[in-house]
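Beneath this line is the structure, given in structure tokens, with notes to follow.
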Amino acid sequence: MSLPLLENLNPEQRAAVTLPHESALILAGAGSGKTRVLTTRMVWLIQTSQVSPLGVLAVTFTNKAAKEMLTRVSAMLPINTRGMWVGTFHGLANRLLRTHYREAGLPQSFQILDSQDQLSAIKRLMKSLNVDSEKFEPKKVQWFINSHKEAGRRAHDVEAYDDYSTRMAELYEAYDAQCQREGVADFPELLLRAYELLYRNEPLRQHYQDRFRHILVDEFQDTNSLQYRWLKLFAGPRTAIFAVGDDDQSIYAFRGANTANMAEFEREFAHGNVIKLEQNYRSHGNILTAANTLISQNAHRLGKNLWTAEGEGEPIRIFDAYSDQDEASFVVDEVRALNRDGVSLSDMALLYRSNAQSRVLEHALFSAGVPYRVYGGLRFFERQEVKHALAYLRLLTNPEDDGAFLRVVNFPTRGIGARTLEQLAESAARSGASLWQAACTSSGKMASFAKLIEDIKQATHGLSLPDAIDHVIEASGLADYYRADKDGADRLENLNELVNAATLFAEESDEGTLDAFLAHAALEAGEHQAIAGHDALQLMTVHAAKGLEFHAVFITGLEEGLFPHEQSAHEENGLEEERRLMYVAITRARRRLYLSHAQSRMLHGQIRYGIPSRFLAELPEQVLLHLNRRAEPALSSGYGAPASAPAPRPAQSGNETGFTLGQSVIHPKFGTGIIIDFEGRGPDARVLVKFRDAGTKLLALAYARLSPA
DNA sequence: GCGTGACATTTTTTT
DNA sequence: AATGTCACGC
């Protein structure tokens, strides 16, 4: 069996690709050729006629990964990939529900709510039910609903144990009723609906189970409980599931990803049929040593150790900065030096834990004239002007959509205010009709709005998708509104871009319908920042860096409370997730890795003093190079640890409190503890102390009787 | 209906 | 610091 396809694969990769028709778990470490194995497996199955292209179901986590897979497959195989079921969980669920909308109990042109839309739907519902949004925060309600849906529970399945949860469950029920009435579905609803559809409809289930002989899952560690159950439902007795994942790279537990799925899958399906891909083709030895050492301190692992055939390479450079600005200028200098040595800017990444950290870095880069690109922030289809335009379109195709109605009824302003809308809502509720229906039988300004929409509907009938959208933008008054606005130029351009996006969509997809385009807009929010442009340094959060690789990587802000994030201390296994995050960050680097931390940092408008992240201490000293290991900072106060003291180091000096970070203290009431942070100055100075028994407390130094231990 | 100022809030992110 | 949310007054 010497297919050219299988050349250049290592033995483990080859074994994974050519596995017989049975379920298996592939533990694929960072940089071990995961995507390659997945796509080659798919091609191999088809090429050796073990399955037809339509008998394969391949699920990924992001649209990008799905696209990548299709591109690679069609590069290896001369087949039309269009009819193949390759996509994200949500994309495939959408496909299933569109095909069987009647059986699923949905209108043909049901609309998809993104998280924003969902939140405003919840707020609207709570308002109509007169629920106190102080007592029940809409965000929490959203979280409640989504996490139950993601666990496969409907409102009546929720076990309420007190008044609060009873009320939450009632809201969940009412929310679902509202969505049903309006013909809309939120993200988790897509999955749950699709799941219920197959669960209840045996012929349909049989059909799909017979059809899909092979299911391939990417990033399996990121699946939540519902997604796993979804896979199990699609898998018939003769279906093999090929799941690829890396438990060490699970960084989405905070949104429901369940790593336990991997162990469960091994038990339920793979039966010990596990292949580990541990050879790393990306990084030099020292970088892998650091990553391996760090991650080995996590208790809950399936176990895996990366190795490389490459040499040790360079040591990992540690920089100890006085301040965030000092850190930024260090990065600027190093980036320039590397660039001079021939490393292109786009092959370097500047990573941070949270988006707020980018500003100081951007400022320094900008001043120094280093081109950079920031990933993150608002995405194309999430921009307000685009959402407005989409809401008009939604209303055209689904008049029951009250959310869309409310979004545009008075934008641009047409003199329809809260009072008028209240009356409309009342009359709609009385007759059990949608706001749109009620508006059609109104008079005055509301009637002219109804007429406007009706006219647009007439005028766009028969137009191509981009022409229709263009018409909507003009006729709705959106274009005029932004033309009149002095800051509206960008927004106008984005509306133009929306028409372009529609043109592209109509060309690429097989069905250029408005419904399909709206689903596309909801499911694929678009690039974070479209301009691919010139050679530029890449700035992004560690989360956003997953799956990418760079010649040189800077990981900044390695301070306690920032990375690991302080929030993680309050979550179950939060620290382990942070450590995995750090692991992901380290393994992005091919050749050179910089780790930096700052002793002081501007955070939320205040200067905060931080101590170096524990993750730095968890790295093996022999692979590190301290660029500026200083003698202890000059301690003007005369307090603090002796100069030779190892960690915890006093991370700041002379802050007039008489205490240092990491110092042990005694409080008459709370007992012994350690100072972990300072806040404020002078008479307002406060310290954050982590007590051995009494938890963490913020104490005002002027009052607390704190003494050194 | 709309603009203004007070007020809180502040992880990570996809779909 | 920066941004969003909300109540209030015109």
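Each chain in the structure tokens gets a letter, A, B, ..., in the order shown, and its residues are numbered from 1; ligands are numbered from 1 in order too.
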
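Neighbouring residues of A:Pro78 at 12 Å or closer, counting only C-alpha atoms (C1' of nucleotides) and skipping chain neighbours under 5 positions away, are Val43, Ile46, Gln47, Pro53, Leu70, Thr71, Arg72 and Val73 of chain A.
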
N, CA, C and O atoms of the current selection, written as a tab-separated table (two decimals), in the first residue's frame:
chain	number	residue	atom	x	y	z
A	43	VAL	N	-9.59	11.84	2.52
A	43	VAL	CA	-9.26	11.56	1.12
A	43	VAL	C	-8.97	10.08	0.93
A	43	VAL	O	-9.42	9.46	-0.04
A	46	ILE	N	-12.10	7.99	0.74
A	46	ILE	CA	-12.83	8.17	-0.51
A	46	ILE	C	-12.06	7.54	-1.68
A	46	ILE	O	-12.63	6.82	-2.50
A	47	GLN	N	-10.75	7.78	-1.69
A	47	GLN	CA	-9.94	7.31	-2.80
A	47	GLN	C	-9.90	5.79	-2.88
A	47	GLN	O	-9.89	5.22	-3.95
A	53	PRO	N	-18.19	10.27	-1.15
A	53	PRO	CA	-18.05	11.59	-0.52
A	53	PRO	C	-19.29	11.98	0.29
A	53	PRO	O	-19.18	12.69	1.28
A	70	LEU	N	-11.96	21.67	3.52
A	70	LEU	CA	-12.49	21.51	2.17
A	70	LEU	C	-11.45	21.87	1.11
A	70	LEU	O	-11.32	21.19	0.10
A	71	THR	N	-10.72	22.94	1.39
A	71	THR	CA	-9.69	23.36	0.43
A	71	THR	C	-8.66	22.25	0.25
A	71	THR	O	-8.29	21.90	-0.87
A	72	ARG	N	-8.21	21.71	1.38
A	72	ARG	CA	-7.17	20.68	1.30
A	72	ARG	C	-7.68	19.43	0.62
A	72	ARG	O	-6.98	18.82	-0.18
A	73	VAL	N	-8.93	19.06	0.93
A	73	VAL	CA	-9.49	17.85	0.32
A	73	VAL	C	-9.60	18.03	-1.19
A	73	VAL	O	-9.20	17.16	-1.96

Any idea which chain A residues end up within 9 Å of chain C if we count only C-alpha atoms (C1' of nucleotides), as a PDB file with N, CA, C and O atoms, in the first residue's frame please?
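Result file result-v1.pdb:
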ATOM      1  N   LEU A 603      -4.190  49.473  34.934  1.00  0.00           N
ATOM      2  CA  LEU A 603      -5.325  48.584  34.719  1.00  0.00           C
ATOM      3  C   LEU A 603      -6.586  49.265  35.233  1.00  0.00           C
ATOM      4  O   LEU A 603      -6.622  49.711  36.384  1.00  0.00           O
ATOM      5  N   HIS A 604      -7.583  49.375  34.393  1.00  0.00           N
ATOM      6  CA  HIS A 604      -8.825  50.054  34.766  1.00  0.00           C
ATOM      7  C   HIS A 604      -8.542  51.447  35.316  1.00  0.00           C
ATOM      8  O   HIS A 604      -9.117  51.864  36.311  1.00  0.00           O
ATOM      9  N   GLY A 605      -7.605  52.118  34.694  1.00  0.00           N
ATOM     10  CA  GLY A 605      -7.328  53.488  35.089  1.00  0.00           C
ATOM     11  C   GLY A 605      -6.526  53.639  36.363  1.00  0.00           C
ATOM     12  O   GLY A 605      -6.364  54.734  36.871  1.00  0.00           O
ATOM     13  N   GLN A 606      -6.047  52.511  36.894  1.00  0.00           N
ATOM     14  CA  GLN A 606      -5.264  52.582  38.126  1.00  0.00           C
ATOM     15  C   GLN A 606      -3.962  51.817  37.954  1.00  0.00           C
ATOM     16  O   GLN A 606      -3.909  50.836  37.221  1.00  0.00           O
TER      17      GLN A 606
END

Within 7 Å of chain B, which residues of chain A show up when using only C-alpha atoms (C1' of nucleotides), listed as a list in words? Thr62, His90, Phe187, Ser354, Gly415, Gly417, Leu523 and His543 of chain A

Export of the given selection (C-alpha atoms) as a tab-separated table (two decimals), in the first residue's frame:
chain	number	residue	atom	x	y	z
A	62	THR	CA	-14.91	27.11	13.35
A	90	HIS	CA	-24.06	24.94	13.97
A	187	PHE	CA	-27.28	29.21	18.51
A	354	SER	CA	-7.02	39.92	27.54
A	415	GLY	CA	-40.99	59.80	15.10
A	417	GLY	CA	-41.36	56.51	20.14
A	523	LEU	CA	-23.38	31.72	11.46
A	543	HIS	CA	-7.26	32.34	22.60

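Secondary structure from DSSP on the backbone puts strand (DSSP E) at the following positions of stretch 71-180 of chain A: Trp85, Val86, Gly87, Thr88, Gln111, Ile112 and Leu113 of chain A.
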
Export of the given selection (N, CA, C and O atoms) as a tab-separated table (two decimals), in the first residue's frame:
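Writing done, so here's selection-v5.tsv:
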chain	number	residue	atom	x	y	z
A	85	TRP	N	-21.07	16.88	3.60
A	85	TRP	CA	-21.42	17.43	4.90
A	85	TRP	C	-20.15	17.74	5.69
A	85	TRP	O	-19.72	16.97	6.54
A	86	VAL	N	-19.59	18.86	5.36
A	86	VAL	CA	-18.41	19.33	6.07
A	86	VAL	C	-18.73	20.71	6.58
A	86	VAL	O	-19.12	21.59	5.81
A	87	GLY	N	-18.64	20.92	7.87
A	87	GLY	CA	-18.97	22.25	8.39
A	87	GLY	C	-18.89	22.29	9.89
A	87	GLY	O	-18.40	21.35	10.53
A	88	THR	N	-19.36	23.39	10.45
A	88	THR	CA	-19.37	23.51	11.90
A	88	THR	C	-20.61	22.82	12.44
A	88	THR	O	-21.56	22.55	11.70
A	111	GLN	N	-35.22	32.51	11.33
A	111	GLN	CA	-34.01	33.33	11.42
A	111	GLN	C	-33.15	32.90	12.59
A	111	GLN	O	-33.65	32.36	13.57
A	112	ILE	N	-31.87	33.17	12.46
A	112	ILE	CA	-30.93	32.77	13.51
A	112	ILE	C	-30.53	33.99	14.33
A	112	ILE	O	-30.14	35.02	13.77
A	113	LEU	N	-30.66	33.87	15.63
A	113	LEU	CA	-30.26	34.97	16.52
A	113	LEU	C	-28.81	34.77	16.94
A	113	LEU	O	-28.45	33.70	17.42

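The nearest approach to A:Gly488 among the residues A:Ala337, A:Glu385, A:Phe220, A:Gln538, with only C-alpha atoms taken into account, belongs to A:Glu385.
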